[in-house]
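See below for the structure under consideration.
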Amino acid sequence: PSPKPQPPDFGSTPVPAPSDLSRKLHTGTWLPILMYHYVRTVSRSDLVGWNLSVSPGDFRRQVAWIKDHGYTPLTMRDVDLILAGKKTLPVRPVALTFDDGYRDFYTTAAPILRDEGVTATNYIPTGLVGGKNYMTWSEIQELDAEGFEMGAHSQYHVDISTVSANRARVEVYGSKADLESHLGHQVVDWAYPYGGVDVAVAALVREAGFWSGTTTESGSWHDPSQMLYLSRVRMGGTA
């Protein structure tokens with residue numbers, strides 16, 4: 001893999017305190033990070049699939065609304081630099097993130113994003129690449145070259161906070177190495193599968209060289225002390 005990137009200066013606390021895991025921010029930087037999974041049509045009877053899915057039509061309308069209302073789409077690398085004070089915060093910022101590397105990102109979401117000139121970050125579980133309903137490495141490489149950011153999401157989409165320390169280390173370091181070897185550049189952003197994070201996991205993610213970690217906690221306010229516990233806004237459950 002590429003050499004470990006030097007992270008921006010995130011302040012004097014590189015790993016947040018345990019109390020920060022549940023701290024709800026209402027001050028700091030307002031920067032909504034949207035969390036998508038599937039862009040597809042699914043039956044309401046599939047409750048889990050329904051809650052994880054946005055239909056192509058609704059997704060197109062959402063992306064158009066973002067552009068029509070003057071929002072500036074950001075990658076998570078952009079978000080990192082903004083929160084570290086290394087990049088200017090747009091008046092109306094928003095980051096679109098997609099979990100799990102599903103193939104409909106390549107076939108359905110990316111063409112819509114491309115049409116509107118909107119960027120996004122996709123978090124990839126590298127051990128599942130090429131499997132049924134997942135993107136292939138060639139598709140990931142194509143999107144990466146186009147400017148979509150690829151982040152890490154473990155190797156086999158396991159809850160890192162519930163496995164052994166050795167398994168957690170393999171999942172975190174292994175996913176970073178997999179992505180960097182296939183993409184040929186540094187990968188600096190991470191999402192916790194199932195939102196599973198504790199202080200030890202956050203420390204491991206930082207140790208591996210990631211600049212940020214996104215959770216499944218709801219919220220849109222952020223500050224540098226929570227770079228490894230960034231909250232998001234869940235998108236799903238639309239026809």
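Residue numbering restarts at 1 in every chain; chains get A, B, ... in the order shown in the structure tokens, and ligands count up from 1 in that same order.
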Give me, as a list of chain:residue names, all polymer residues having an atom no more than 6 Å from His153 of chain A, counting only C-alpha atoms and skipping those fewer than 5 positions away in the same chain.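 The filter keeps A:Tyr123, A:Ile124, A:Pro125, A:Trp190, A:Ala191.
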Output C-alpha atoms of each residue in that selection to a file, as a CSV table (one decimal), in the first residue's frame.
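Below is the file out_16.csv, written as the result:
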chain,number,residue,atom,x,y,z
A,123,TYR,CA,-17.3,2.9,1.7
A,124,ILE,CA,-16.1,-0.5,0.4
A,125,PRO,CA,-16.0,-3.8,2.3
A,190,TRP,CA,-13.5,4.9,7.2
A,191,ALA,CA,-17.0,3.9,8.1
Run DSSP on the backbone of this structure and report the residues of segment 24-128 of chain A it assigns to helix (DSSP H, G or I), as a compact mmCIF listing (two decimals) with C-alpha atoms, in the first residue's frame.
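Output saved as part22.txt:
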# COMPACT_ATOMS: atom_id res chain seq x y z
CA LEU A 47 -38.93 -3.78 5.77
CA VAL A 48 -35.14 -4.01 6.10
CA GLY A 49 -34.57 -3.49 2.38
CA TRP A 50 -37.12 -0.66 2.31
CA ASN A 51 -35.36 1.24 5.09
CA PRO A 56 -33.90 5.87 -8.53
CA GLY A 57 -36.61 8.46 -9.13
CA ASP A 58 -36.48 9.81 -5.60
CA PHE A 59 -32.70 9.79 -5.63
CA ARG A 60 -32.64 11.84 -8.83
CA ARG A 61 -35.03 14.33 -7.24
CA GLN A 62 -32.92 14.53 -4.08
CA VAL A 63 -29.71 15.17 -6.02
CA ALA A 64 -31.42 17.77 -8.20
CA TRP A 65 -32.79 19.48 -5.07
CA ILE A 66 -29.27 19.65 -3.60
CA LYS A 67 -27.98 21.38 -6.73
CA ASP A 68 -31.02 23.62 -7.22
CA MET A 76 -15.30 12.89 3.00
CA ARG A 77 -11.69 13.90 2.38
CA ASP A 78 -13.05 17.43 1.83
CA VAL A 79 -14.98 17.15 5.10
CA ASP A 80 -11.82 16.10 6.96
CA LEU A 81 -9.90 19.11 5.71
CA ILE A 82 -12.76 21.52 6.42
CA LEU A 83 -13.15 20.34 10.01
CA ARG A 103 -23.32 -2.53 -7.60
CA ASP A 104 -26.33 -0.25 -7.97
CA PHE A 105 -24.02 2.60 -7.02
CA TYR A 106 -22.18 1.95 -10.28
CA THR A 107 -25.23 1.19 -12.44
CA THR A 108 -27.80 3.61 -11.00
CA ALA A 109 -26.50 6.17 -8.48
CA ALA A 110 -23.28 7.21 -10.22
CA PRO A 111 -24.97 8.05 -13.55
CA ILE A 112 -27.45 10.30 -11.72
CA LEU A 113 -24.68 11.96 -9.72
CA ARG A 114 -22.67 12.39 -12.91
CA ASP A 115 -25.59 14.05 -14.68
CA GLU A 116 -25.89 16.61 -11.88
CA THR A 126 -13.05 -5.08 0.30
CA GLY A 127 -13.52 -8.81 0.90
CA LEU A 128 -16.96 -8.65 -0.71
Which residue of A:Ser218, A:Gln155, A:Thr72, A:Ser231 approaches Ala120 of chain A most closely, using only C-alpha atoms: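 Ranking A:Ser218, A:Gln155, A:Thr72, A:Ser231 by distance to Ala120 of chain A, first place goes to A:Thr72.
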Which residues are close to Ser175 of chain A, i.e. within 12 Å by only C-alpha atoms, leaving aside same-chain residues fewer than 2 positions away? Reply as an mmCIF file with all heavy atoms, in the first residue's frame.
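Generated output (selection.cif):
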data_model
loop_
_atom_site.group_PDB
_atom_site.id
_atom_site.type_symbol
_atom_site.label_atom_id
_atom_site.label_comp_id
_atom_site.auth_asym_id
_atom_site.auth_seq_id
_atom_site.Cartn_x
_atom_site.Cartn_y
_atom_site.Cartn_z
ATOM 1 N N PRO A 1 0.828 -1.210 0.000
ATOM 2 C CA PRO A 1 0.000 0.000 0.000
ATOM 3 C C PRO A 1 0.856 1.251 0.000
ATOM 4 O O PRO A 1 2.051 1.205 0.303
ATOM 5 C CB PRO A 1 -0.800 -0.135 1.298
ATOM 6 C CG PRO A 1 0.037 -1.018 2.160
ATOM 7 C CD PRO A 1 0.708 -1.973 1.247
ATOM 8 N N TYR A 123 -18.142 3.670 0.766
ATOM 9 C CA TYR A 123 -17.348 2.889 1.714
ATOM 10 C C TYR A 123 -17.411 1.414 1.319
ATOM 11 O O TYR A 123 -18.487 0.814 1.295
ATOM 12 C CB TYR A 123 -17.878 3.083 3.126
ATOM 13 C CG TYR A 123 -17.661 4.486 3.672
ATOM 14 C CD1 TYR A 123 -18.724 5.350 3.879
ATOM 15 C CD2 TYR A 123 -16.382 4.931 3.991
ATOM 16 C CE1 TYR A 123 -18.528 6.625 4.404
ATOM 17 C CE2 TYR A 123 -16.169 6.200 4.502
ATOM 18 C CZ TYR A 123 -17.241 7.042 4.708
ATOM 19 O OH TYR A 123 -17.038 8.308 5.213
ATOM 20 N N ILE A 124 -16.249 0.830 1.046
ATOM 21 C CA ILE A 124 -16.148 -0.495 0.431
ATOM 22 C C ILE A 124 -15.715 -1.560 1.433
ATOM 23 O O ILE A 124 -14.643 -1.449 2.047
ATOM 24 C CB ILE A 124 -15.115 -0.459 -0.724
ATOM 25 C CG1 ILE A 124 -15.400 0.683 -1.704
ATOM 26 C CG2 ILE A 124 -15.065 -1.810 -1.424
ATOM 27 C CD1 ILE A 124 -16.677 0.556 -2.472
ATOM 28 N N PRO A 125 -16.493 -2.649 1.612
ATOM 29 C CA PRO A 125 -16.004 -3.824 2.330
ATOM 30 C C PRO A 125 -15.205 -4.674 1.333
ATOM 31 O O PRO A 125 -15.781 -5.358 0.486
ATOM 32 C CB PRO A 125 -17.281 -4.523 2.800
ATOM 33 C CG PRO A 125 -18.345 -4.063 1.845
ATOM 34 C CD PRO A 125 -17.913 -2.777 1.232
ATOM 35 N N THR A 126 -13.899 -4.605 1.404
ATOM 36 C CA THR A 126 -13.053 -5.078 0.303
ATOM 37 C C THR A 126 -13.124 -6.573 0.062
ATOM 38 O O THR A 126 -12.919 -7.031 -1.062
ATOM 39 C CB THR A 126 -11.589 -4.674 0.552
ATOM 40 O OG1 THR A 126 -11.160 -5.189 1.832
ATOM 41 C CG2 THR A 126 -11.445 -3.155 0.554
ATOM 42 N N GLY A 127 -13.432 -7.362 1.088
ATOM 43 C CA GLY A 127 -13.518 -8.805 0.896
ATOM 44 C C GLY A 127 -14.757 -9.240 0.150
ATOM 45 O O GLY A 127 -14.853 -10.399 -0.280
ATOM 46 N N LEU A 128 -15.713 -8.332 -0.014
ATOM 47 C CA LEU A 128 -16.956 -8.651 -0.710
ATOM 48 C C LEU A 128 -16.966 -8.142 -2.148
ATOM 49 O O LEU A 128 -17.927 -8.399 -2.887
ATOM 50 C CB LEU A 128 -18.145 -8.056 0.054
ATOM 51 C CG LEU A 128 -18.279 -8.490 1.524
ATOM 52 C CD1 LEU A 128 -19.516 -7.867 2.153
ATOM 53 C CD2 LEU A 128 -18.319 -10.002 1.644
ATOM 54 N N VAL A 129 -15.925 -7.420 -2.536
ATOM 55 C CA VAL A 129 -15.851 -6.877 -3.896
ATOM 56 C C VAL A 129 -15.944 -8.014 -4.915
ATOM 57 O O VAL A 129 -15.288 -9.053 -4.774
ATOM 58 C CB VAL A 129 -14.544 -6.097 -4.104
ATOM 59 C CG1 VAL A 129 -14.367 -5.701 -5.576
ATOM 60 C CG2 VAL A 129 -14.529 -4.848 -3.229
ATOM 61 N N MET A 150 -13.360 6.595 -2.660
ATOM 62 C CA MET A 150 -13.571 5.263 -2.115
ATOM 63 C C MET A 150 -12.975 5.212 -0.710
ATOM 64 O O MET A 150 -11.788 5.459 -0.517
ATOM 65 C CB MET A 150 -12.914 4.205 -3.004
ATOM 66 C CG MET A 150 -13.462 4.194 -4.420
ATOM 67 S SD MET A 150 -15.223 3.765 -4.495
ATOM 68 C CE MET A 150 -15.775 4.826 -5.861
ATOM 69 N N GLY A 151 -13.839 4.928 0.275
ATOM 70 C CA GLY A 151 -13.385 4.790 1.642
ATOM 71 C C GLY A 151 -13.415 3.334 2.074
ATOM 72 O O GLY A 151 -13.920 2.466 1.357
ATOM 73 N N ALA A 152 -12.898 3.051 3.254
ATOM 74 C CA ALA A 152 -12.820 1.676 3.754
ATOM 75 C C ALA A 152 -13.988 1.375 4.690
ATOM 76 O O ALA A 152 -14.455 2.247 5.437
ATOM 77 C CB ALA A 152 -11.501 1.449 4.481
ATOM 78 N N HIS A 153 -14.418 0.114 4.657
ATOM 79 C CA HIS A 153 -15.588 -0.319 5.441
ATOM 80 C C HIS A 153 -15.350 -1.739 5.953
ATOM 81 O O HIS A 153 -16.263 -2.562 5.966
ATOM 82 C CB HIS A 153 -16.816 -0.251 4.534
ATOM 83 C CG HIS A 153 -18.138 -0.211 5.256
ATOM 84 N ND1 HIS A 153 -18.360 0.492 6.416
ATOM 85 C CD2 HIS A 153 -19.345 -0.783 4.938
ATOM 86 C CE1 HIS A 153 -19.619 0.362 6.790
ATOM 87 N NE2 HIS A 153 -20.238 -0.420 5.916
ATOM 88 N N SER A 154 -14.107 -2.009 6.358
ATOM 89 C CA SER A 154 -13.624 -3.325 6.779
ATOM 90 C C SER A 154 -13.427 -4.218 5.551
ATOM 91 O O SER A 154 -13.634 -3.786 4.418
ATOM 92 C CB SER A 154 -14.561 -3.995 7.796
ATOM 93 O OG SER A 154 -15.678 -4.594 7.174
ATOM 94 N N GLN A 155 -13.040 -5.472 5.778
ATOM 95 C CA GLN A 155 -12.925 -6.417 4.672
ATOM 96 C C GLN A 155 -14.223 -7.198 4.475
ATOM 97 O O GLN A 155 -14.712 -7.325 3.355
ATOM 98 C CB GLN A 155 -11.758 -7.380 4.917
ATOM 99 C CG GLN A 155 -10.387 -6.731 4.754
ATOM 100 C CD GLN A 155 -9.261 -7.735 4.859
ATOM 101 O OE1 GLN A 155 -9.196 -8.508 5.813
ATOM 102 N NE2 GLN A 155 -8.354 -7.720 3.891
ATOM 103 N N TYR A 156 -14.798 -7.703 5.553
ATOM 104 C CA TYR A 156 -15.961 -8.582 5.433
ATOM 105 C C TYR A 156 -17.191 -8.051 6.152
ATOM 106 O O TYR A 156 -18.067 -8.809 6.537
ATOM 107 C CB TYR A 156 -15.597 -9.989 5.910
ATOM 108 C CG TYR A 156 -14.610 -10.642 4.977
ATOM 109 C CD1 TYR A 156 -13.241 -10.629 5.259
ATOM 110 C CD2 TYR A 156 -15.038 -11.230 3.790
ATOM 111 C CE1 TYR A 156 -12.335 -11.197 4.380
ATOM 112 C CE2 TYR A 156 -14.129 -11.801 2.914
ATOM 113 C CZ TYR A 156 -12.783 -11.777 3.214
ATOM 114 O OH TYR A 156 -11.880 -12.336 2.334
ATOM 115 N N HIS A 157 -17.265 -6.734 6.319
ATOM 116 C CA HIS A 157 -18.431 -6.078 6.895
ATOM 117 C C HIS A 157 -18.812 -6.696 8.236
ATOM 118 O O HIS A 157 -19.963 -7.094 8.473
ATOM 119 C CB HIS A 157 -19.630 -6.121 5.934
ATOM 120 C CG HIS A 157 -20.643 -5.060 6.223
ATOM 121 N ND1 HIS A 157 -21.737 -5.288 7.026
ATOM 122 C CD2 HIS A 157 -20.731 -3.768 5.843
ATOM 123 C CE1 HIS A 157 -22.460 -4.184 7.113
ATOM 124 N NE2 HIS A 157 -21.873 -3.240 6.396
ATOM 125 N N VAL A 158 -17.840 -6.755 9.130
ATOM 126 C CA VAL A 158 -18.094 -7.245 10.479
ATOM 127 C C VAL A 158 -18.093 -6.065 11.447
ATOM 128 O O VAL A 158 -17.466 -5.035 11.199
ATOM 129 C CB VAL A 158 -17.035 -8.279 10.918
ATOM 130 C CG1 VAL A 158 -17.040 -9.466 9.983
ATOM 131 C CG2 VAL A 158 -15.644 -7.655 10.985
ATOM 132 N N ARG A 167 -8.603 -9.837 15.047
ATOM 133 C CA ARG A 167 -9.499 -9.781 13.898
ATOM 134 C C ARG A 167 -9.809 -8.326 13.534
ATOM 135 O O ARG A 167 -9.857 -7.971 12.348
ATOM 136 C CB ARG A 167 -10.789 -10.534 14.210
ATOM 137 C CG ARG A 167 -11.859 -10.439 13.110
ATOM 138 C CD ARG A 167 -11.456 -11.166 11.834
ATOM 139 N NE ARG A 167 -12.409 -10.967 10.761
ATOM 140 C CZ ARG A 167 -13.552 -11.660 10.616
ATOM 141 N NH1 ARG A 167 -13.881 -12.603 11.506
ATOM 142 N NH2 ARG A 167 -14.355 -11.430 9.592
ATOM 143 N N ALA A 168 -10.004 -7.493 14.533
ATOM 144 C CA ALA A 168 -10.274 -6.085 14.269
ATOM 145 C C ALA A 168 -9.112 -5.443 13.526
ATOM 146 O O ALA A 168 -9.314 -4.700 12.551
ATOM 147 C CB ALA A 168 -10.545 -5.347 15.580
ATOM 148 N N ARG A 169 -7.902 -5.753 13.948
ATOM 149 C CA ARG A 169 -6.721 -5.179 13.297
ATOM 150 C C ARG A 169 -6.631 -5.634 11.840
ATOM 151 O O ARG A 169 -6.334 -4.824 10.946
ATOM 152 C CB ARG A 169 -5.460 -5.571 14.067
ATOM 153 C CG ARG A 169 -4.150 -5.053 13.477
ATOM 154 C CD ARG A 169 -3.004 -5.285 14.442
ATOM 155 N NE ARG A 169 -3.167 -4.455 15.630
ATOM 156 C CZ ARG A 169 -2.702 -3.216 15.727
ATOM 157 N NH1 ARG A 169 -2.042 -2.675 14.710
ATOM 158 N NH2 ARG A 169 -2.880 -2.528 16.823
ATOM 159 N N VAL A 170 -6.900 -6.900 11.587
ATOM 160 C CA VAL A 170 -6.862 -7.407 10.221
ATOM 161 C C VAL A 170 -7.917 -6.712 9.361
ATOM 162 O O VAL A 170 -7.644 -6.316 8.215
ATOM 163 C CB VAL A 170 -7.074 -8.935 10.203
ATOM 164 C CG1 VAL A 170 -7.328 -9.440 8.790
ATOM 165 C CG2 VAL A 170 -5.866 -9.642 10.810
ATOM 166 N N GLU A 171 -9.123 -6.554 9.896
ATOM 167 C CA GLU A 171 -10.210 -5.922 9.137
ATOM 168 C C GLU A 171 -9.892 -4.462 8.812
ATOM 169 O O GLU A 171 -10.161 -3.986 7.696
ATOM 170 C CB GLU A 171 -11.523 -6.012 9.917
ATOM 171 C CG GLU A 171 -12.091 -7.409 10.045
ATOM 172 C CD GLU A 171 -12.783 -7.897 8.784
ATOM 173 O OE1 GLU A 171 -13.101 -7.065 7.912
ATOM 174 O OE2 GLU A 171 -13.017 -9.114 8.678
ATOM 175 N N VAL A 172 -9.334 -3.739 9.775
ATOM 176 C CA VAL A 172 -9.055 -2.317 9.571
ATOM 177 C C VAL A 172 -7.854 -2.122 8.653
ATOM 178 O O VAL A 172 -7.940 -1.439 7.621
ATOM 179 C CB VAL A 172 -8.833 -1.612 10.927
ATOM 180 C CG1 VAL A 172 -8.353 -0.177 10.707
ATOM 181 C CG2 VAL A 172 -10.119 -1.622 11.751
ATOM 182 N N TYR A 173 -6.737 -2.723 9.019
ATOM 183 C CA TYR A 173 -5.529 -2.564 8.201
ATOM 184 C C TYR A 173 -5.684 -3.252 6.844
ATOM 185 O O TYR A 173 -5.203 -2.754 5.822
ATOM 186 C CB TYR A 173 -4.312 -3.134 8.937
ATOM 187 C CG TYR A 173 -3.679 -2.172 9.906
ATOM 188 C CD1 TYR A 173 -4.174 -2.033 11.198
ATOM 189 C CD2 TYR A 173 -2.577 -1.399 9.536
ATOM 190 C CE1 TYR A 173 -3.583 -1.150 12.098
ATOM 191 C CE2 TYR A 173 -1.985 -0.526 10.430
ATOM 192 C CZ TYR A 173 -2.482 -0.403 11.711
ATOM 193 O OH TYR A 173 -1.891 0.475 12.592
ATOM 194 N N ALA A 177 -5.231 -1.617 3.077
ATOM 195 C CA ALA A 177 -4.219 -2.144 2.155
ATOM 196 C C ALA A 177 -4.849 -2.616 0.849
ATOM 197 O O ALA A 177 -4.304 -2.382 -0.239
ATOM 198 C CB ALA A 177 -3.455 -3.291 2.818
ATOM 199 N N ASP A 178 -6.002 -3.275 0.939
ATOM 200 C CA ASP A 178 -6.690 -3.744 -0.269
ATOM 201 C C ASP A 178 -7.025 -2.574 -1.192
ATOM 202 O O ASP A 178 -6.763 -2.619 -2.407
ATOM 203 C CB ASP A 178 -7.995 -4.462 0.105
ATOM 204 C CG ASP A 178 -7.773 -5.790 0.792
ATOM 205 O OD1 ASP A 178 -6.666 -6.334 0.702
ATOM 206 O OD2 ASP A 178 -8.741 -6.284 1.430
ATOM 207 N N LEU A 179 -7.635 -1.538 -0.630
ATOM 208 C CA LEU A 179 -8.026 -0.391 -1.446
ATOM 209 C C LEU A 179 -6.817 0.321 -2.032
ATOM 210 O O LEU A 179 -6.788 0.658 -3.219
ATOM 211 C CB LEU A 179 -8.860 0.588 -0.605
ATOM 212 C CG LEU A 179 -10.314 0.191 -0.383
ATOM 213 C CD1 LEU A 179 -10.932 1.014 0.749
ATOM 214 C CD2 LEU A 179 -11.131 0.368 -1.664
ATOM 215 N N GLU A 180 -5.813 0.544 -1.217
ATOM 216 C CA GLU A 180 -4.645 1.288 -1.704
ATOM 217 C C GLU A 180 -3.885 0.518 -2.771
ATOM 218 O O GLU A 180 -3.371 1.112 -3.728
ATOM 219 C CB GLU A 180 -3.749 1.661 -0.527
ATOM 220 C CG GLU A 180 -4.403 2.688 0.386
ATOM 221 C CD GLU A 180 -3.519 3.164 1.519
ATOM 222 O OE1 GLU A 180 -2.465 2.542 1.770
ATOM 223 O OE2 GLU A 180 -3.882 4.161 2.176
ATOM 224 N N SER A 181 -3.848 -0.809 -2.646
ATOM 225 C CA SER A 181 -3.138 -1.592 -3.657
ATOM 226 C C SER A 181 -3.883 -1.602 -4.986
ATOM 227 O O SER A 181 -3.266 -1.636 -6.054
ATOM 228 C CB SER A 181 -2.908 -3.024 -3.164
ATOM 229 O OG SER A 181 -4.139 -3.711 -2.993
ATOM 230 N N HIS A 182 -5.211 -1.554 -4.938
ATOM 231 C CA HIS A 182 -5.999 -1.560 -6.176
ATOM 232 C C HIS A 182 -6.153 -0.167 -6.781
ATOM 233 O O HIS A 182 -6.285 -0.034 -8.005
ATOM 234 C CB HIS A 182 -7.392 -2.152 -5.931
ATOM 235 C CG HIS A 182 -7.418 -3.640 -5.875
ATOM 236 N ND1 HIS A 182 -7.206 -4.350 -4.715
ATOM 237 C CD2 HIS A 182 -7.614 -4.564 -6.854
ATOM 238 C CE1 HIS A 182 -7.286 -5.640 -4.966
ATOM 239 N NE2 HIS A 182 -7.526 -5.802 -6.254
ATOM 240 N N GLN A 186 -3.472 6.805 -1.547
ATOM 241 C CA GLN A 186 -3.848 6.712 -0.146
ATOM 242 C C GLN A 186 -5.372 6.753 0.035
ATOM 243 O O GLN A 186 -6.081 7.436 -0.702
ATOM 244 C CB GLN A 186 -3.216 7.873 0.622
ATOM 245 C CG GLN A 186 -1.695 7.837 0.585
ATOM 246 C CD GLN A 186 -1.074 9.178 0.927
ATOM 247 O OE1 GLN A 186 -1.749 10.203 0.895
ATOM 248 N NE2 GLN A 186 0.202 9.171 1.252
ATOM 249 N N VAL A 187 -5.828 6.006 1.015
ATOM 250 C CA VAL A 187 -7.242 5.977 1.389
ATOM 251 C C VAL A 187 -7.322 6.423 2.842
ATOM 252 O O VAL A 187 -6.675 5.828 3.709
ATOM 253 C CB VAL A 187 -7.830 4.564 1.209
ATOM 254 C CG1 VAL A 187 -9.242 4.484 1.768
ATOM 255 C CG2 VAL A 187 -7.811 4.188 -0.267
ATOM 256 N N VAL A 188 -8.104 7.475 3.118
ATOM 257 C CA VAL A 188 -8.029 8.112 4.431
ATOM 258 C C VAL A 188 -9.345 8.139 5.202
ATOM 259 O O VAL A 188 -9.387 8.656 6.318
ATOM 260 C CB VAL A 188 -7.486 9.552 4.298
ATOM 261 C CG1 VAL A 188 -6.069 9.534 3.732
ATOM 262 C CG2 VAL A 188 -8.402 10.415 3.437
ATOM 263 N N ASP A 189 -10.417 7.593 4.622
ATOM 264 C CA ASP A 189 -11.713 7.684 5.298
ATOM 265 C C ASP A 189 -12.323 6.311 5.546
ATOM 266 O O ASP A 189 -12.230 5.414 4.713
ATOM 267 C CB ASP A 189 -12.664 8.552 4.472
ATOM 268 C CG ASP A 189 -12.213 10.003 4.470
ATOM 269 O OD1 ASP A 189 -12.098 10.577 5.567
ATOM 270 O OD2 ASP A 189 -11.936 10.543 3.388
ATOM 271 N N TRP A 190 -12.956 6.171 6.678
ATOM 272 C CA TRP A 190 -13.465 4.895 7.183
ATOM 273 C C TRP A 190 -14.910 5.053 7.650
ATOM 274 O O TRP A 190 -15.283 6.098 8.182
ATOM 275 C CB TRP A 190 -12.587 4.446 8.360
ATOM 276 C CG TRP A 190 -13.138 3.346 9.207
ATOM 277 C CD1 TRP A 190 -13.998 3.464 10.257
ATOM 278 C CD2 TRP A 190 -12.888 1.948 9.057
ATOM 279 N NE1 TRP A 190 -14.290 2.222 10.788
ATOM 280 C CE2 TRP A 190 -13.621 1.276 10.065
ATOM 281 C CE3 TRP A 190 -12.105 1.195 8.169
ATOM 282 C CZ2 TRP A 190 -13.597 -0.104 10.208
ATOM 283 C CZ3 TRP A 190 -12.087 -0.188 8.323
ATOM 284 C CH2 TRP A 190 -12.820 -0.822 9.323
ATOM 285 N N ALA A 191 -15.711 4.014 7.470
ATOM 286 C CA ALA A 191 -17.049 3.941 8.069
ATOM 287 C C ALA A 191 -17.138 2.650 8.866
ATOM 288 O O ALA A 191 -16.714 1.584 8.401
ATOM 289 C CB ALA A 191 -18.136 3.968 6.995
ATOM 290 N N TYR A 192 -17.701 2.729 10.069
ATOM 291 C CA TYR A 192 -17.827 1.562 10.948
ATOM 292 C C TYR A 192 -19.003 0.689 10.506
ATOM 293 O O TYR A 192 -20.147 1.158 10.515
ATOM 294 C CB TYR A 192 -18.059 2.011 12.392
ATOM 295 C CG TYR A 192 -16.971 2.903 12.937
ATOM 296 C CD1 TYR A 192 -17.118 4.289 12.931
ATOM 297 C CD2 TYR A 192 -15.800 2.371 13.465
ATOM 298 C CE1 TYR A 192 -16.127 5.124 13.426
ATOM 299 C CE2 TYR A 192 -14.796 3.191 13.966
ATOM 300 C CZ TYR A 192 -14.972 4.574 13.935
ATOM 301 O OH TYR A 192 -13.979 5.390 14.426
ATOM 302 N N VAL A 205 -8.522 2.677 14.327
ATOM 303 C CA VAL A 205 -8.782 3.336 13.048
ATOM 304 C C VAL A 205 -7.812 4.497 12.838
ATOM 305 O O VAL A 205 -7.256 4.675 11.750
ATOM 306 C CB VAL A 205 -10.254 3.799 12.980
ATOM 307 C CG1 VAL A 205 -10.499 4.735 11.803
ATOM 308 C CG2 VAL A 205 -11.169 2.579 12.895
ATOM 309 N N ALA A 208 -4.269 3.208 12.120
ATOM 310 C CA ALA A 208 -4.104 2.698 10.763
ATOM 311 C C ALA A 208 -3.893 3.810 9.739
ATOM 312 O O ALA A 208 -3.505 3.537 8.598
ATOM 313 C CB ALA A 208 -5.322 1.864 10.369
ATOM 314 N N GLY A 209 -4.150 5.050 10.134
ATOM 315 C CA GLY A 209 -3.904 6.167 9.239
ATOM 316 C C GLY A 209 -5.141 6.803 8.653
ATOM 317 O O GLY A 209 -5.039 7.636 7.749
ATOM 318 N N PHE A 210 -6.313 6.434 9.160
ATOM 319 C CA PHE A 210 -7.535 7.068 8.670
ATOM 320 C C PHE A 210 -7.708 8.429 9.339
ATOM 321 O O PHE A 210 -7.390 8.601 10.511
ATOM 322 C CB PHE A 210 -8.750 6.188 8.957
ATOM 323 C CG PHE A 210 -8.779 4.926 8.148
ATOM 324 C CD1 PHE A 210 -8.422 3.706 8.727
ATOM 325 C CD2 PHE A 210 -9.147 4.951 6.816
ATOM 326 C CE1 PHE A 210 -8.445 2.532 7.980
ATOM 327 C CE2 PHE A 210 -9.171 3.778 6.063
ATOM 328 C CZ PHE A 210 -8.811 2.567 6.645
#
Atom CA of Trp137 of chain A and atom CA of His185 of chain A are how many Å apart? 14.5 Å
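If only C-alpha atoms are the atoms counted, then among A:Val42, A:Tyr194, A:Ala200, A:Asp100 the closest residue to Glu217 of chain A is A:Tyr194.
Nearest residue to Gly85 of chain A among A:Met135, A:Asp223, A:Gly117, A:Gly184 is A:Asp223, counting only C-alpha atoms.
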Assign secondary structure with DSSP using the backbone only, and return the residues of segment 61-148 of chain A in strand (DSSP E) as a PyMOL selection string. chain A and resi 72-74+93-99+121-124
When you draw a straight line from atom CA of Lys86 of chain A to atom CA of Pro224 of chain A, how long is it in Å? 11.5 Å
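Minimum distance to Ala84 of chain A across A:Gly101, A:Gly28, A:Gly130, A:Gly70 (counting only C-alpha atoms) occurs at A:Gly28.
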For a test of reading the model, state the distance in Å between atom CA of Leu228 of chain A and atom CA of Ala165 of chain A, rounded to one decimal. 18.2 Å
Pick from A:Leu31, A:Ile160, A:Val39, A:Val91: nearest to Gly236 of chain A, with only C-alpha atoms counted? A:Val39
